[in-house]
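Undergrad: Please find coords-v3.tsv (TSV, C-alpha atoms and all ligand atoms) on the next line:
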```tsv
chain	number	residue	atom	x	y	z
W	1	MET	CA	-44.24	145.57	-4.76
W	2	GLY	CA	-44.77	149.29	-5.07
W	3	GLY	CA	-48.18	150.88	-5.06
W	4	THR	CA	-50.31	153.71	-3.83
W	5	PHE	CA	-52.42	151.19	-1.90
W	6	ASP	CA	-55.25	153.71	-1.51
W	7	PRO	CA	-56.63	151.30	-0.29
W	8	ILE	CA	-54.78	147.95	-0.60
W	9	HIS	CA	-57.16	145.31	-2.01
W	10	HIS	CA	-57.27	141.58	-2.76
W	11	GLY	CA	-55.96	142.13	-6.32
W	12	HIS	CA	-52.67	143.35	-4.81
W	13	LEU	CA	-52.54	140.53	-2.26
W	14	VAL	CA	-53.27	137.74	-4.74
W	15	ALA	CA	-50.65	139.11	-7.17
W	16	ALA	CA	-48.05	139.27	-4.37
W	17	SER	CA	-48.87	135.78	-3.16
W	18	GLU	CA	-48.71	134.29	-6.67
W	19	VAL	CA	-45.35	135.91	-7.44
W	20	GLN	CA	-43.96	134.88	-4.04
W	21	ALA	CA	-44.87	131.26	-4.77
W	22	TRP	CA	-43.80	131.36	-8.43
W	23	PHE	CA	-40.28	132.62	-7.69
W	24	ASP	CA	-40.06	131.07	-4.21
W	25	LEU	CA	-39.29	134.51	-2.77
W	26	ASP	CA	-38.16	134.83	0.85
W	27	GLU	CA	-40.38	137.83	1.32
W	28	VAL	CA	-42.59	140.31	-0.49
W	29	VAL	CA	-42.01	143.88	0.63
W	30	PHE	CA	-44.98	146.17	0.00
W	31	VAL	CA	-43.79	149.73	-0.53
W	32	PRO	CA	-46.53	152.36	-0.30
W	33	THR	CA	-45.61	155.42	-2.35
W	34	GLY	CA	-44.95	158.79	-0.82
W	35	ASP	CA	-46.15	161.44	-3.19
W	36	PRO	CA	-46.96	159.56	-6.42
W	37	TRP	CA	-46.00	161.82	-9.34
W	38	GLN	CA	-48.23	159.96	-11.80
W	39	LYS	CA	-51.24	160.72	-9.59
W	40	SER	CA	-50.68	164.42	-8.92
W	41	ASP	CA	-54.11	165.01	-10.51
W	42	ARG	CA	-56.01	163.71	-7.50
W	43	ASP	CA	-55.75	163.91	-3.73
W	44	VAL	CA	-54.06	160.80	-2.49
W	45	THR	CA	-54.87	159.72	1.07
W	46	GLU	CA	-52.25	160.59	3.69
W	47	ALA	CA	-49.29	158.23	3.46
W	48	GLU	CA	-49.61	157.16	7.12
W	49	HIS	CA	-53.16	155.82	6.51
W	50	ARG	CA	-52.10	153.98	3.34
W	51	TYR	CA	-49.09	152.54	5.17
W	52	LEU	CA	-51.22	151.35	8.12
W	53	MET	CA	-53.88	149.78	5.87
W	54	THR	CA	-51.06	147.90	4.12
W	55	VAL	CA	-49.72	146.72	7.48
W	56	VAL	CA	-53.21	145.58	8.57
W	57	ALA	CA	-53.76	143.73	5.27
W	58	THR	CA	-50.42	141.89	5.31
W	59	ALA	CA	-49.91	141.28	9.05
W	60	ALA	CA	-50.98	137.63	9.04
W	61	ASN	CA	-48.62	136.50	6.26
W	62	PRO	CA	-45.12	135.72	7.57
W	63	ARG	CA	-43.66	136.35	4.08
W	64	PHE	CA	-45.27	139.78	3.68
W	65	ASN	CA	-43.66	142.95	5.04
W	66	VAL	CA	-44.18	146.66	4.54
W	67	SER	CA	-41.43	149.20	3.98
W	68	ARG	CA	-41.52	152.91	4.79
W	69	VAL	CA	-38.68	153.86	2.40
W	70	ASP	CA	-40.92	155.78	0.00
W	71	ILE	CA	-43.11	157.49	2.58
W	72	ASP	CA	-40.12	158.58	4.68
W	73	ARG	CA	-38.25	160.04	1.66
W	74	HIS	CA	-39.11	163.64	0.85
W	75	GLY	CA	-40.35	164.55	-2.59
W	76	PRO	CA	-42.06	162.54	-5.28
W	77	THR	CA	-41.63	158.77	-5.42
W	78	TYR	CA	-39.55	157.30	-8.23
W	79	THR	CA	-39.10	153.54	-8.47
W	80	ILE	CA	-35.36	153.99	-9.01
W	81	ASP	CA	-35.05	155.52	-5.51
W	82	THR	CA	-37.17	152.71	-4.03
W	83	LEU	CA	-34.89	150.09	-5.52
W	84	ARG	CA	-31.69	151.92	-4.53
W	85	ASP	CA	-32.92	152.24	-0.93
W	86	LEU	CA	-34.00	148.60	-0.71
W	87	LYS	CA	-30.68	147.47	-2.20
W	88	ALA	CA	-28.82	149.58	0.40
W	89	GLU	CA	-30.87	147.95	3.18
W	90	MET	CA	-30.41	144.43	1.78
W	91	PRO	CA	-27.16	144.44	-0.24
W	92	ASP	CA	-27.15	140.66	-0.72
W	93	ALA	CA	-30.75	140.34	-1.80
W	94	GLU	CA	-31.79	139.60	-5.36
W	95	LEU	CA	-34.61	142.05	-6.02
W	96	PHE	CA	-37.76	141.48	-8.04
W	97	PHE	CA	-40.11	144.38	-8.68
W	98	ILE	CA	-43.72	143.25	-8.86
W	99	THR	CA	-46.01	145.38	-10.94
W	100	GLY	CA	-49.32	145.09	-12.75
W	101	ALA	CA	-49.48	145.14	-16.55
W	102	ASP	CA	-50.92	148.68	-16.51
W	103	ALA	CA	-48.00	150.11	-14.52
W	104	LEU	CA	-45.40	148.10	-16.47
W	105	ALA	CA	-46.74	149.49	-19.73
W	106	ASP	CA	-45.49	152.93	-18.60
W	107	ILE	CA	-42.03	151.74	-17.62
W	108	PHE	CA	-40.19	153.76	-20.27
W	109	THR	CA	-41.54	156.95	-18.74
W	110	TRP	CA	-39.92	156.02	-15.43
W	111	ARG	CA	-36.75	157.76	-14.28
W	112	ASP	CA	-33.35	156.06	-14.98
W	113	VAL	CA	-34.95	153.13	-16.74
W	114	GLN	CA	-31.68	151.39	-17.66
W	115	GLU	CA	-30.47	151.37	-14.08
W	116	LEU	CA	-33.86	149.93	-13.03
W	117	PHE	CA	-33.08	146.79	-14.99
W	118	ASP	CA	-29.64	146.53	-13.33
W	119	LEU	CA	-31.20	146.66	-9.89
W	120	ALA	CA	-34.13	144.28	-10.28
W	121	THR	CA	-35.96	141.75	-12.37
W	122	PHE	CA	-39.41	143.04	-13.25
W	123	VAL	CA	-42.43	140.82	-12.78
W	124	GLY	CA	-45.46	141.95	-14.75
W	125	CYS	CA	-48.75	140.60	-13.43
W	126	THR	CA	-51.70	140.23	-15.74
W	127	ARG	CA	-54.61	142.46	-14.77
W	128	PRO	CA	-58.15	142.32	-16.16
W	129	GLY	CA	-58.74	145.09	-18.68
W	130	TYR	CA	-55.05	145.72	-19.45
W	131	THR	CA	-52.86	144.17	-22.11
W	132	MET	CA	-49.15	144.82	-22.53
W	133	ASP	CA	-48.33	146.42	-25.80
W	134	PRO	CA	-45.88	144.04	-27.56
W	135	GLU	CA	-43.63	146.97	-28.61
W	136	THR	CA	-43.03	147.96	-24.98
W	137	LEU	CA	-42.43	144.33	-24.01
W	138	GLU	CA	-39.87	143.97	-26.80
W	139	LYS	CA	-37.87	146.97	-25.56
W	140	ILE	CA	-37.45	145.48	-22.07
W	141	PRO	CA	-34.42	143.15	-21.92
W	142	SER	CA	-36.04	139.70	-21.94
W	143	ASP	CA	-33.98	138.42	-19.01
W	144	LYS	CA	-35.21	141.39	-16.96
W	145	VAL	CA	-38.94	140.96	-17.20
W	146	THR	CA	-41.22	138.01	-16.66
W	147	MET	CA	-44.95	138.10	-17.18
W	148	VAL	CA	-46.96	136.07	-14.70
W	149	GLU	CA	-50.59	135.09	-15.15
W	150	ILE	CA	-52.55	136.00	-12.02
W	151	PRO	CA	-56.07	134.68	-11.26
W	152	ALA	CA	-58.12	137.58	-12.61
W	153	LEU	CA	-59.51	139.94	-10.00
W	154	ALA	CA	-61.07	143.02	-11.55
W	155	ILE	CA	-60.58	145.06	-8.39
W	156	SER	CA	-59.03	148.52	-8.34
W	157	SER	CA	-58.48	151.03	-5.55
W	158	THR	CA	-60.29	153.64	-7.62
W	159	ASP	CA	-63.36	151.43	-7.74
W	160	CYS	CA	-63.13	150.69	-3.99
W	161	ARG	CA	-62.99	154.44	-3.23
W	162	ASP	CA	-65.91	155.17	-5.57
W	163	ARG	CA	-67.99	152.35	-4.12
W	164	HIS	CA	-67.40	153.57	-0.60
W	165	ARG	CA	-68.35	157.13	-1.58
W	166	ARG	CA	-71.58	155.85	-3.09
W	167	GLY	CA	-72.36	153.90	0.07
W	168	GLU	CA	-71.77	150.53	-1.63
W	169	PRO	CA	-69.91	147.75	0.21
W	170	VAL	CA	-66.20	147.07	-0.19
W	171	TRP	CA	-66.40	143.92	1.92
W	172	TYR	CA	-64.45	141.04	0.32
W	173	LEU	CA	-62.80	143.39	-2.19
W	174	VAL	CA	-60.41	144.52	0.55
W	175	PRO	CA	-59.42	142.58	3.69
W	176	ASP	CA	-61.86	142.85	6.64
W	177	GLY	CA	-59.40	144.87	8.72
W	178	VAL	CA	-59.12	147.41	5.90
W	179	VAL	CA	-62.93	147.78	5.70
W	180	GLN	CA	-62.88	148.51	9.43
W	181	TYR	CA	-59.91	150.88	9.13
W	182	ILE	CA	-61.69	152.87	6.41
W	183	ALA	CA	-64.79	153.22	8.62
W	184	LYS	CA	-62.81	154.08	11.76
W	185	HIS	CA	-60.89	156.90	10.05
W	186	ASP	CA	-63.73	157.97	7.79
W	187	LEU	CA	-61.63	157.67	4.63
W	188	TYR	CA	-63.16	158.14	1.17
W	189	ALA	CA	-66.13	160.03	2.58
W	190	SER	CA	-68.54	161.60	0.13
W	191	PRO	CA	-68.00	165.33	-0.26
W	192	PRO	CA	-70.77	167.28	1.56
W	193	SER	CA	-73.72	167.91	-0.74
W	194	PRO	CA	-74.26	171.59	-1.67
W	195	THR	CA	-77.56	171.72	0.25
W	196	GLU	CA	-76.07	170.27	3.44
W	197	GLY	CA	-75.97	172.62	6.44
W	198	THR	CA	-78.26	175.27	4.96
W	199	ASN	CA	-81.19	174.88	7.37
C	201	LIG	P1	-55.71	153.06	-8.46
C	201	LIG	O1	-57.03	152.68	-9.05
C	201	LIG	O2	-55.78	154.09	-7.38
C	201	LIG	O3	-54.62	153.34	-9.48
C	201	LIG	P2	-54.80	150.31	-8.22
C	201	LIG	O4	-55.90	149.35	-7.92
C	201	LIG	O5	-54.30	150.41	-9.62
C	201	LIG	O6	-55.24	151.76	-7.66
C	201	LIG	P3	-52.16	150.68	-7.25
C	201	LIG	O7	-51.82	150.99	-5.83
C	201	LIG	O8	-52.11	151.75	-8.27
C	201	LIG	O9	-53.63	150.03	-7.22
C	201	LIG	O10	-51.36	149.42	-7.77
C	201	LIG	C1	-50.16	148.92	-7.25
C	201	LIG	C2	-49.68	147.82	-8.18
C	201	LIG	O11	-50.57	146.71	-8.14
C	201	LIG	C3	-49.60	148.27	-9.64
C	201	LIG	O12	-48.44	147.72	-10.21
C	201	LIG	C4	-50.87	147.67	-10.23
C	201	LIG	O13	-50.73	147.42	-11.62
C	201	LIG	C5	-51.01	146.37	-9.44
C	201	LIG	N1	-52.41	145.93	-9.35
C	201	LIG	C6	-53.42	146.64	-8.82
C	201	LIG	N2	-54.58	145.94	-8.88
C	201	LIG	C7	-54.30	144.76	-9.47
C	201	LIG	C8	-55.11	143.61	-9.83
C	201	LIG	N3	-56.42	143.57	-9.58
C	201	LIG	N4	-54.47	142.57	-10.44
C	201	LIG	C9	-53.13	142.63	-10.70
C	201	LIG	N5	-52.33	143.67	-10.38
C	201	LIG	C10	-52.90	144.73	-9.78
C	202	MG	MG	-53.14	151.97	-10.27
```
Please re-express this file's structure in structure tokens.
TA:
Amino acid sequence: MGGTFDPIHHGHLVAASEVQAWFDLDEVVFVPTGDPWQKSDRDVTEAEHRYLMTVVATAANPRFNVSRVDIDRHGPTYTIDTLRDLKAEMPDAELFFITGADALADIFTWRDVQELFDLATFVGCTRPGYTMDPETLEKIPSDKVTMVEIPALAISSTDCRDRHRRGEPVWYLVPDGVVQYIAKHDLYASPPSPTEGTN
């Protein structure tokens, strides 16, 4: 499961757990992105923090692991490189790429899209507020994508960051350890107000 995980939240974890159970997967590997090219319009938190929050959030689940392949590779993250690297690490594994409906909707803008389907089966998770456009779904080879209905959690990292900046709680939207990690490292702090420090 690839993601920016800025921060990881319970929407990600429930989707991963559902897909793990649905396909009886040996493990779910969370892969925090390095430099996400789709998000070059905003400052993404340092990869090391996003990686560590993902480790904290997944540590208790024996079927959940976190990979550094994307954050250790230089340059922007493309899913094709993620899948090639994971395949090289686990040549005998059958790979499934877990993604939310919003991300899957963009799949034809991804690099080397045909090879993506050779490397993995795509699992599209329903996500509140997003519907898959039937035309996009039709273009994906039907044996290469499965849509899975996930208990709806209208949580997004953007909303978690905004809530934290406004001083609103993120408890129970993200795992407890992630709430504490955010506080400890002062992530998603509000920018200083223009009047601050003038007297
Ligand atoms: P941001 O708001 O910063 O884009 P996000 O909440 O969308 O953050 P990402 O790290 O972008 O989180 O998402 C990683 C993957 O998890 C994507 O494929 C996304 O579609 C999926 N996902 C995120 N939140 C949910 C959710 N609540 N339910 C189902 N899938 C989700
Ligand atoms: Mg997103």
Undergrad: Please measure the separation of atom CA of W:His12 and atom CA of W:Asp43, giving the value in Å to one decimal.
TA: 20.8 Å
Undergrad: Could you tell me how far atom N5 of ligand LIG 201 (chain C) sits from atom CA of W:Ala16, in Å to one decimal place?
TA: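 Interatomic distance here is 8.6 Å.
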Undergrad: Can you work out which one of W:Arg63, W:His74, W:His164, W:Lys87 has the shortest atom-to-atom distance to W:Leu25, counting only C-alpha atoms?
TA: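 Among W:Arg63, W:His74, W:His164, W:Lys87, it is W:Arg63 that comes nearest to W:Leu25.
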Undergrad: Using only C-alpha atoms and all ligand atoms, which protein or nucleic acid residues are at most 10 Å from ligand MG 202 (chain C), as number ranges by chain?
TA: W: 3-6, 38-39, 99-103, 156-158
Undergrad: Quick one: write out the picked residues with C-alpha atoms as a PDB file, in the coordinates of the input?
TA:
```pdb
ATOM      1  CA  GLY W   3     -48.180 150.880  -5.060  1.00  0.00           C
ATOM      2  CA  THR W   4     -50.310 153.710  -3.830  1.00  0.00           C
ATOM      3  CA  PHE W   5     -52.420 151.190  -1.900  1.00  0.00           C
ATOM      4  CA  ASP W   6     -55.250 153.710  -1.510  1.00  0.00           C
ATOM      5  CA  GLN W  38     -48.230 159.960 -11.800  1.00  0.00           C
ATOM      6  CA  LYS W  39     -51.240 160.720  -9.590  1.00  0.00           C
ATOM      7  CA  THR W  99     -46.010 145.380 -10.940  1.00  0.00           C
ATOM      8  CA  GLY W 100     -49.320 145.090 -12.750  1.00  0.00           C
ATOM      9  CA  ALA W 101     -49.480 145.140 -16.550  1.00  0.00           C
ATOM     10  CA  ASP W 102     -50.920 148.680 -16.510  1.00  0.00           C
ATOM     11  CA  ALA W 103     -48.000 150.110 -14.520  1.00  0.00           C
ATOM     12  CA  SER W 156     -59.030 148.520  -8.340  1.00  0.00           C
ATOM     13  CA  SER W 157     -58.480 151.030  -5.550  1.00  0.00           C
ATOM     14  CA  THR W 158     -60.290 153.640  -7.620  1.00  0.00           C
TER      15      THR W 158
END
```
Undergrad: For chain W against ligand LIG 201 (chain C), with a cut-off of 10 Å and counting all atoms listed in the file, what is the closest atom pair and its distance in Å to one decimal for every residue that makes the cut, ordered by chain and number, as a tab-separated table?
TA:
```
residue	atom	partner	partner_atom	distance
W:Met1	CA	C:LIG201	C2	6.8
W:Gly2	CA	C:LIG201	C1	5.8
W:Gly3	CA	C:LIG201	C1	3.5
W:Thr4	CA	C:LIG201	O7	3.7
W:Phe5	CA	C:LIG201	O7	4.0
W:Asp6	CA	C:LIG201	O2	5.9
W:Pro7	CA	C:LIG201	O7	7.3
W:Ile8	CA	C:LIG201	O7	6.7
W:His9	CA	C:LIG201	O4	7.3
W:His10	CA	C:LIG201	N3	7.2
W:Gly11	CA	C:LIG201	N3	3.6
W:His12	CA	C:LIG201	C7	5.1
W:Leu13	CA	C:LIG201	C7	8.5
W:Val14	CA	C:LIG201	N4	7.6
W:Ala15	CA	C:LIG201	C9	5.6
W:Ala16	CA	C:LIG201	N5	8.6
W:Phe30	CA	C:LIG201	C1	9.3
W:Val31	CA	C:LIG201	C1	9.3
W:Pro32	CA	C:LIG201	O7	7.8
W:Thr33	CA	C:LIG201	O7	8.4
W:Pro36	CA	C:LIG201	O8	9.5
W:Gln38	CA	C:LIG201	O3	9.5
W:Lys39	CA	C:LIG201	O3	8.1
W:Arg42	CA	C:LIG201	O2	9.6
W:Val44	CA	C:LIG201	O2	8.5
W:Arg50	CA	C:LIG201	O7	9.6
W:Phe97	CA	C:LIG201	O12	9.1
W:Ile98	CA	C:LIG201	O12	6.6
W:Thr99	CA	C:LIG201	O12	3.5
W:Gly100	CA	C:LIG201	O13	2.9
W:Ala101	CA	C:LIG201	O13	5.6
W:Asp102	CA	C:LIG201	O13	5.1
W:Ala103	CA	C:LIG201	O13	4.8
W:Leu104	CA	C:LIG201	O12	7.0
W:Ala105	CA	C:LIG201	O13	9.3
W:Val123	CA	C:LIG201	O12	9.5
W:Gly124	CA	C:LIG201	O12	7.9
W:Cys125	CA	C:LIG201	C9	5.5
W:Thr126	CA	C:LIG201	C9	5.8
W:Arg127	CA	C:LIG201	N4	4.3
W:Pro128	CA	C:LIG201	N4	6.8
W:Gly129	CA	C:LIG201	N3	9.5
W:Tyr130	CA	C:LIG201	O13	9.1
W:Val148	CA	C:LIG201	C9	9.9
W:Glu149	CA	C:LIG201	C9	9.1
W:Ile150	CA	C:LIG201	C9	6.8
W:Pro151	CA	C:LIG201	N4	8.1
W:Ala152	CA	C:LIG201	N4	6.6
W:Leu153	CA	C:LIG201	N3	4.8
W:Ala154	CA	C:LIG201	N3	5.1
W:Ile155	CA	C:LIG201	N3	4.6
W:Ser156	CA	C:LIG201	O4	3.3
W:Ser157	CA	C:LIG201	O4	3.9
W:Thr158	CA	C:LIG201	O1	3.7
W:Asp159	CA	C:LIG201	O1	6.6
W:Cys160	CA	C:LIG201	O1	8.2
W:Arg161	CA	C:LIG201	O2	8.3
W:Asp162	CA	C:LIG201	O1	9.9
W:Leu173	CA	C:LIG201	N3	9.8
```
Undergrad: Using all atoms listed in the file, can you tell me which of W:Tyr78, W:Phe108, W:Tyr188, W:Phe122 comes closest to W:Val19?
TA: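 For W:Val19, the nearest of the given residues is W:Phe122.
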Undergrad: Measuring atom to atom with only C-alpha atoms, identify which of W:Thr109, W:Thr45, W:Gln20, W:Thr146 is nearest to W:Ile80.
TA: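 Nearest candidate to W:Ile80 out of W:Thr109, W:Thr45, W:Gln20, W:Thr146: W:Thr109.
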Undergrad: Pick out the closest residue to W:Asp186 from this set: W:His49, W:Asp133, W:Glu94, W:Thr54. Count only C-alpha atoms.
TA: W:His49
Undergrad: How many Å lie between atom CA of W:Ala47 and atom CA of W:Lys184, rounded to one decimal?
TA: 16.4 Å
Undergrad: Find, counting all atoms listed in the file, the residue in W:Arg111, W:Glu138, W:Thr79, W:Leu119 that gets nearest to W:Asp92.
TA: W:Leu119
Undergrad: So, with all atoms listed in the file as the atoms that count, which of W:Val170, W:Asp35, W:Met53, W:Glu48 lies closest to W:Pro76?
TA: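 Nearest to W:Pro76: W:Asp35.
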Undergrad: Do you know which residues are at most 8 Å from W:Asp70 counting all atoms listed in the file, after dropping those on the same chain fewer than 2 positions away, and could you put them as a PDB file with C-alpha atoms, keeping the file's coordinate frame?
TA:
```
ATOM      1  CA  VAL W  31     -43.790 149.730  -0.530  1.00  0.00           C
ATOM      2  CA  PRO W  32     -46.530 152.360  -0.300  1.00  0.00           C
ATOM      3  CA  THR W  33     -45.610 155.420  -2.350  1.00  0.00           C
ATOM      4  CA  GLY W  34     -44.950 158.790  -0.820  1.00  0.00           C
ATOM      5  CA  SER W  67     -41.430 149.200   3.980  1.00  0.00           C
ATOM      6  CA  ARG W  68     -41.520 152.910   4.790  1.00  0.00           C
ATOM      7  CA  ASP W  72     -40.120 158.580   4.680  1.00  0.00           C
ATOM      8  CA  ARG W  73     -38.250 160.040   1.660  1.00  0.00           C
ATOM      9  CA  THR W  77     -41.630 158.770  -5.420  1.00  0.00           C
ATOM     10  CA  THR W  82     -37.170 152.710  -4.030  1.00  0.00           C
TER      11      THR W  82
END
```
Undergrad: N, CA and C atoms are needed for stretch 155-181 of chain W; please write them out as a short mmCIF file (atom, residue, chain, number, x, y, z; two decimals), keeping the file's coordinate frame.
TA:
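The result, stored in selection.cif:
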```cif
data_model
loop_
_atom_site.label_atom_id
_atom_site.label_comp_id
_atom_site.auth_asym_id
_atom_site.auth_seq_id
_atom_site.Cartn_x
_atom_site.Cartn_y
_atom_site.Cartn_z
N ILE W 155 -60.41 144.14 -9.52
CA ILE W 155 -60.58 145.06 -8.39
C ILE W 155 -59.57 146.18 -8.58
N SER W 156 -59.98 147.42 -8.35
CA SER W 156 -59.03 148.52 -8.34
C SER W 156 -59.31 149.40 -7.13
N SER W 157 -58.29 150.11 -6.67
CA SER W 157 -58.48 151.03 -5.55
C SER W 157 -59.46 152.12 -5.92
N THR W 158 -59.37 152.59 -7.18
CA THR W 158 -60.29 153.64 -7.62
C THR W 158 -61.73 153.18 -7.44
N ASP W 159 -62.00 151.95 -7.86
CA ASP W 159 -63.36 151.43 -7.74
C ASP W 159 -63.76 151.27 -6.27
N CYS W 160 -62.82 150.83 -5.43
CA CYS W 160 -63.13 150.69 -3.99
C CYS W 160 -63.49 152.05 -3.40
N ARG W 161 -62.70 153.09 -3.76
CA ARG W 161 -62.99 154.44 -3.23
C ARG W 161 -64.36 154.91 -3.71
N ASP W 162 -64.63 154.71 -5.00
CA ASP W 162 -65.91 155.17 -5.57
C ASP W 162 -67.08 154.43 -4.93
N ARG W 163 -66.91 153.13 -4.74
CA ARG W 163 -67.99 152.35 -4.12
C ARG W 163 -68.27 152.87 -2.73
N HIS W 164 -67.20 153.10 -1.96
CA HIS W 164 -67.40 153.57 -0.60
C HIS W 164 -68.11 154.92 -0.59
N ARG W 165 -67.71 155.80 -1.49
CA ARG W 165 -68.35 157.13 -1.58
C ARG W 165 -69.83 157.03 -1.91
N ARG W 166 -70.17 156.01 -2.71
CA ARG W 166 -71.58 155.85 -3.09
C ARG W 166 -72.36 155.06 -2.04
N GLY W 167 -71.70 154.67 -0.98
CA GLY W 167 -72.36 153.90 0.07
C GLY W 167 -72.49 152.42 -0.27
N GLU W 168 -71.73 151.96 -1.27
CA GLU W 168 -71.77 150.53 -1.63
C GLU W 168 -70.67 149.79 -0.85
N PRO W 169 -70.88 148.48 -0.61
CA PRO W 169 -69.91 147.75 0.21
C PRO W 169 -68.56 147.52 -0.48
N VAL W 170 -67.51 147.51 0.32
CA VAL W 170 -66.20 147.07 -0.19
C VAL W 170 -65.77 145.77 0.50
N TRP W 171 -66.69 145.21 1.30
CA TRP W 171 -66.40 143.92 1.92
C TRP W 171 -65.96 142.92 0.85
N TYR W 172 -64.96 142.12 1.17
CA TYR W 172 -64.45 141.04 0.32
C TYR W 172 -63.68 141.53 -0.91
N LEU W 173 -63.70 142.84 -1.17
CA LEU W 173 -62.80 143.39 -2.19
C LEU W 173 -61.48 143.75 -1.52
N VAL W 174 -61.59 144.21 -0.27
CA VAL W 174 -60.41 144.52 0.55
C VAL W 174 -60.50 143.65 1.79
N PRO W 175 -59.37 143.39 2.48
CA PRO W 175 -59.42 142.58 3.69
C PRO W 175 -60.33 143.22 4.76
N ASP W 176 -60.91 142.36 5.62
CA ASP W 176 -61.86 142.85 6.64
C ASP W 176 -61.28 143.99 7.47
N GLY W 177 -60.02 143.84 7.87
CA GLY W 177 -59.40 144.87 8.72
C GLY W 177 -59.31 146.21 8.00
N VAL W 178 -59.20 146.17 6.68
CA VAL W 178 -59.12 147.41 5.90
C VAL W 178 -60.51 148.05 5.81
N VAL W 179 -61.56 147.23 5.68
CA VAL W 179 -62.93 147.78 5.70
C VAL W 179 -63.12 148.53 7.01
N GLN W 180 -62.68 147.90 8.11
CA GLN W 180 -62.88 148.51 9.43
C GLN W 180 -62.01 149.76 9.60
N TYR W 181 -60.80 149.72 9.04
CA TYR W 181 -59.91 150.88 9.13
C TYR W 181 -60.51 152.08 8.39
#
```
